[in-house]
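Data block below; observations after.
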Amino acid sequence: MTVIGNDAALRDAADPLAHLRDRFHPTPGDAVYLNGGSLGRLPTATAGIVDHVVRAEWGDGLAGARTTWFDMCERMGDRVAEVALGAHPGEVVVGDCTSVNLYKLAAAVLDADPGRRAIVTDDDNFPTDQYVLAGVAAERGGTLRRLHTDPDRGLDLDLLREAVDDDVALVSLSLVSCRSGALFDIAEVQEIAHAAGALVLWDLSHAAGAVPVDLAANGADLAVGSTYKHLFAGPGAPAFLYVRRDLHTVLAQPIHGWYGHREQLAMRGDYEADPTIRRFLTGSPPILSAVAIEAGLAVIAEAGLEALRAKSVALTGYLQELLEPTGLRLASPVDPARRGAHVTYGHPRSAQLVPLLAENGVFVDYSVPDRLRLTPAPLSTRFADVATAAERIRGVLERSGL
Ligand SMILES: *Cc1c(COP(=O)(O)O)cnc(C)c1O
C-alpha cells in the first residue's frame, strides 16, 4: 500500500461514522461521487418508504389515505427542524421549491413594512435567489442592492454594515456559498441587520445537513432551503421554509391557497390565513417526494450533526492537502472551518476537466466560469475515496496536459 493509501486507511479505521456508508445505494463501479452538493446520494431506505406509500397508502387506501397526508408538510417540517435546523416544532414546513419559498417570505417581509423598500443580497448568491429577490423588490416599487462579493472568499461584512440602512427591510444571503463554500456566522449577520431594523432571510440549501445551523439558538428570523442536496431527499423533493414563531402572525405570504387557510377543509369562499406556520403553505405538496425526506434525515440523526461536521471538515481538509501539489488554484476559504461541506478549485479548463474526470471515475460539479466544486459527503465518503479521487485528478491533469 502507498503511503497515502495507508494514511487514508488509518483515518477510515478511526472514523466513528464509517458504518453509515452502507445506508446509501452504492456508486457504480469504483466511481467516487463528489457531487452531493448538486444531488445527494440515494439512501437505501428510500425505495421501501416510497414503495409503501405508493402501494399500501395510494394503491390500497386510495382517497381515504389523504387524511394521513394532510399534515405531511408540518410533520416533515418538524423532522427537518429537529434533525438539521435546530428549530422549534411548528416553525418549519416543507412544500414548494426553494425559489417559491424564498418568494413567499421575501414578499411577506416587504409587505409587512411599507416604509422600507430595499432588499440586500450579494452578487455571488445563487442565481435563483437574485432573480426572485429582484422580482419581489420590483413588484413592490423597491430595489435590490447587490453587494459585490469576492467569489473565492465570500462577502466582506463591512460592506454589509455600510449597505444596511433604515430603508432596508430584508437581508437575504446563503449561509454557505454555493460556489466558494464560504460560511457566514448567523448571529453576526443577524446582529448587523437587526441593528438597522431589518430581518434576515437565509438560504440554507448548501448548509442544511452539512453544518450545524442552530436557528433557534441564533434567534434566526427566516430561512428556506433545499432537501435534495445534503438532506438526500431525492430529485424534486419539496424545499423547507422556516419562520420564527413570533413572526407567524406578523408576516402574510402572497400566494393564497387552501393549504394556508385556517379551515382548509371547510371550503369557504374567502381566504383567512391560518395563524400557524401553515399560513406559508399554498397547495398540495408532492407526497411521494415529501415522504422520502425521512430516509436521509434518519441517517443524519444517527450520525449527529456535530460528528458529521467534524468528519466533513477533516475530509475537505484532507482533500485540500492531497490536491496541493497539483497546482489547482484553491477558490474557497483556506480554513475548512470557514466553509461548508464543499471545497472549490479554479482551473481555466474546468469545463473540459469535469467530463474527463467523470470518464476517470471522479464525479465533481462544474461551476461557471472556471470552477470545480468538490463535495465529499461525510456520511458516504471514505478518506480512501478522497485519496483515490485526488490521485485520479492528478493523473488526469498530467495525462491531459490541461
Ligand atoms: C439548489 C439551490 C436552490 C434550488 O432552488 P429550487 O427552487 O428548489 O430549484 C436554491 N438556492 C440555492 C442557494 C441552491 O443551492
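Going by the C-alpha cells order, chains are called A, B, ..., each with residues numbered from 1, while ligands are numbered from 1 in the order shown.
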
- Message: Distance limit 8 Å, reference ligand 1, atoms considered: only C-alpha atoms and all ligand atoms. Which residues make the cut? Give them as a list in words.
- Response: Gly37, Ser38, Asp96, Cys97, Thr98, Ser99, Val100, Asn101, Asn125, Phe126, Pro127, Thr128, Asp129, Ser174, Ser177, Cys178, Asp203, Leu204, Ser205, His206, Gly225, Ser226, Tyr228, Lys229, Gly236, Pro238 and Ala239 of chain A

- Query: Any idea what's packed within 10 Å of stretch 46-58 of chain A, counting only C-alpha atoms, ignoring anything in its chain fewer than 6 positions away? Could you give it as a PyMOL selection string?
  - Reply: chain A and resi 23-25+64-66+68-69+232-234+287-296

- Task: Within 12 Å of A:Asp150, counting only C-alpha atoms, which residues show up once you throw out same-chain ones fewer than 3 positions away? Write them as an MDAnalysis selection string, please.
- Result: chainID A and resid 122:125 147 153:157 159 177 179:182 331:333

For those residues, write C-alpha atoms to a file as a PDB file, in the first residue's frame.
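As a result, selection26.pdb now contains:
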ATOM      1  CA  ASP A 122     -24.732  39.675  -2.719  1.00  0.00           C
ATOM      2  CA  ASP A 123     -23.758  39.256  -6.354  1.00  0.00           C
ATOM      3  CA  ASP A 124     -22.374  35.757  -5.810  1.00  0.00           C
ATOM      4  CA  ASN A 125     -25.638  34.457  -4.369  1.00  0.00           C
ATOM      5  CA  LEU A 147     -23.142  43.734  -2.789  1.00  0.00           C
ATOM      6  CA  ARG A 153     -13.584  34.190  -0.020  1.00  0.00           C
ATOM      7  CA  GLY A 154     -17.182  35.340   0.477  1.00  0.00           C
ATOM      8  CA  LEU A 155     -18.776  38.643   1.442  1.00  0.00           C
ATOM      9  CA  ASP A 156     -16.877  41.239   3.472  1.00  0.00           C
ATOM     10  CA  LEU A 157     -19.199  42.066   6.370  1.00  0.00           C
ATOM     11  CA  LEU A 159     -19.765  46.097   3.040  1.00  0.00           C
ATOM     12  CA  SER A 177     -21.999  29.988  -0.623  1.00  0.00           C
ATOM     13  CA  ARG A 179     -19.659  28.451  -5.217  1.00  0.00           C
ATOM     14  CA  SER A 180     -16.842  29.071  -2.734  1.00  0.00           C
ATOM     15  CA  GLY A 181     -18.457  27.326   0.217  1.00  0.00           C
ATOM     16  CA  ALA A 182     -17.794  30.427   2.380  1.00  0.00           C
ATOM     17  CA  ALA A 331     -11.157  29.088  -4.784  1.00  0.00           C
ATOM     18  CA  SER A 332     -12.573  28.643  -1.279  1.00  0.00           C
ATOM     19  CA  PRO A 333     -11.679  29.981   2.163  1.00  0.00           C
TER      20      PRO A 333
END

- Query: Which residues, written as a ChimeraX atom specification, have at least one atom at most 12 Å from A:Leu315, with only C-alpha atoms counted and residues fewer than 4 positions away on the same chain left out?
  - Reply: /A:8,11-12,15,34,308-311,319-322,336-337,340-343,374-387,389-390

Grab the residues selected above and save them as a CSV table (one decimal), in the first residue's frame with C-alpha atoms.
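Wrote part_14.csv, looks like this:
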chain,number,residue,atom,x,y,z
A,8,ALA,CA,-6.3,7.1,4.4
A,11,ARG,CA,-8.2,7.6,9.0
A,12,ASP,CA,-11.0,5.4,7.9
A,15,ASP,CA,-13.8,7.2,11.7
A,34,LEU,CA,-18.0,14.2,-5.1
A,308,LEU,CA,-21.0,14.8,10.7
A,309,ARG,CA,-19.4,18.3,10.6
A,310,ALA,CA,-16.2,17.1,12.3
A,311,LYS,CA,-15.8,14.4,9.6
A,319,LEU,CA,-8.7,16.7,0.0
A,320,GLN,CA,-7.1,20.1,0.1
A,321,GLU,CA,-3.8,18.7,1.4
A,322,LEU,CA,-3.7,16.0,-1.3
A,336,PRO,CA,-12.0,24.3,6.4
A,337,ALA,CA,-13.9,25.7,9.4
A,340,GLY,CA,-19.4,24.4,4.3
A,341,ALA,CA,-19.1,20.8,3.1
A,342,HIS,CA,-17.5,21.5,-0.2
A,343,VAL,CA,-14.2,22.9,-1.5
A,374,LEU,CA,-15.8,19.0,-4.8
A,375,THR,CA,-18.3,17.8,-2.2
A,376,PRO,CA,-17.1,14.7,-0.2
A,377,ALA,CA,-20.4,14.0,1.6
A,378,PRO,CA,-19.3,12.9,5.1
A,379,LEU,CA,-21.9,10.1,5.6
A,380,SER,CA,-21.0,8.2,2.4
A,381,THR,CA,-17.4,9.2,1.6
A,382,ARG,CA,-14.3,7.4,3.0
A,383,PHE,CA,-10.9,9.1,3.4
A,384,ALA,CA,-9.8,6.4,1.0
A,385,ASP,CA,-12.3,7.7,-1.6
A,386,VAL,CA,-10.8,11.2,-1.2
A,387,ALA,CA,-7.3,9.8,-1.7
A,389,ALA,CA,-10.1,11.0,-6.2
A,390,ALA,CA,-7.0,13.1,-5.6

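Separating atom CA of A:Pro254 from atom CA of A:Arg145 is a distance of 22.3 Å.
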
- Message: Env of A:Ala134: 8 Å cut, atoms = only C-alpha atoms, seq-sep filter 3 positions within chain, self excluded. Answer as a ChimeraX atom specification.
- Response: /A:130-131,137-138,143-144

- Polymer residues at most 9 Å from A:Arg349, only C-alpha atoms, same-chain spacing of 3 or more positions, as number ranges by chain: A: 346, 352-354, 370-371, 402

- Item | Contacts of A:Pro212 within 8 Å, only C-alpha atoms, excl. fewer than 4 positions in-chain, as JSON, numbers by chain | {"A": [84, 85, 86, 207, 208, 305, 306, 309]}

- Could you check which of A:Ala237, A:Ile300, A:Leu247, A:Ala314 is closest to A:Arg21, using only C-alpha atoms? A:Ile300

- Mind listing the alpha helix (DSSP H) residues of stretch 45-288 of chain A, per DSSP on the backbone, as number ranges by chain? A: 46-52, 66-69, 72-80, 98-112, 127-139, 157-163, 186-195, 287-288

- Query: Which residue gives the smallest distance to A:Val189 among A:Val250, A:Ala303, A:His148, A:Val120, with only C-alpha atoms counted?
  - Reply: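 Counting only C-alpha atoms, the residue closest to A:Val189 is A:Val120.
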
- Query: Which of these residues is nearest to A:Arg278, using only C-alpha atoms: A:Ala307, A:Ala195, A:Leu241, A:Leu39?
  - Reply: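 Counting only C-alpha atoms, the residue closest to A:Arg278 is A:Leu241.
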
- Task: Looking only at strand (DSSP E or B) from DSSP on the backbone, list the matching residues of stretch 2-97 of chain A as a list in words.
- Result: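 DSSP-assigned strand (DSSP E or B) residues in stretch 2-97 of chain A: Phe24, Val32, Tyr33, Asn35, Pro43, Val92, Val93 and Val94 of chain A.
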
- Query: How far is it from atom CA of A:Phe184 to atom CA of A:Leu372, in Å with one decimal?
  - Reply: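 Value for the atom CA of A:Phe184-atom CA of A:Leu372 distance: 21.3 Å.
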
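Separating atom CA of A:Arg117 from atom CA of A:Gly141 is a distance of 7.1 Å.
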
- Query: So, counting only C-alpha atoms, which residue among A:Tyr103, A:Thr316, A:Arg41, A:Arg373 is closest to A:Val132?
  - Reply: A:Tyr103

- Query: Taking only C-alpha atoms into account, which of A:Ala210, A:Ala216, A:Leu133, A:Ala351 comes nearest A:Val364?
  - Reply: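 Under the stated criterion, the closest residue is A:Ala351.
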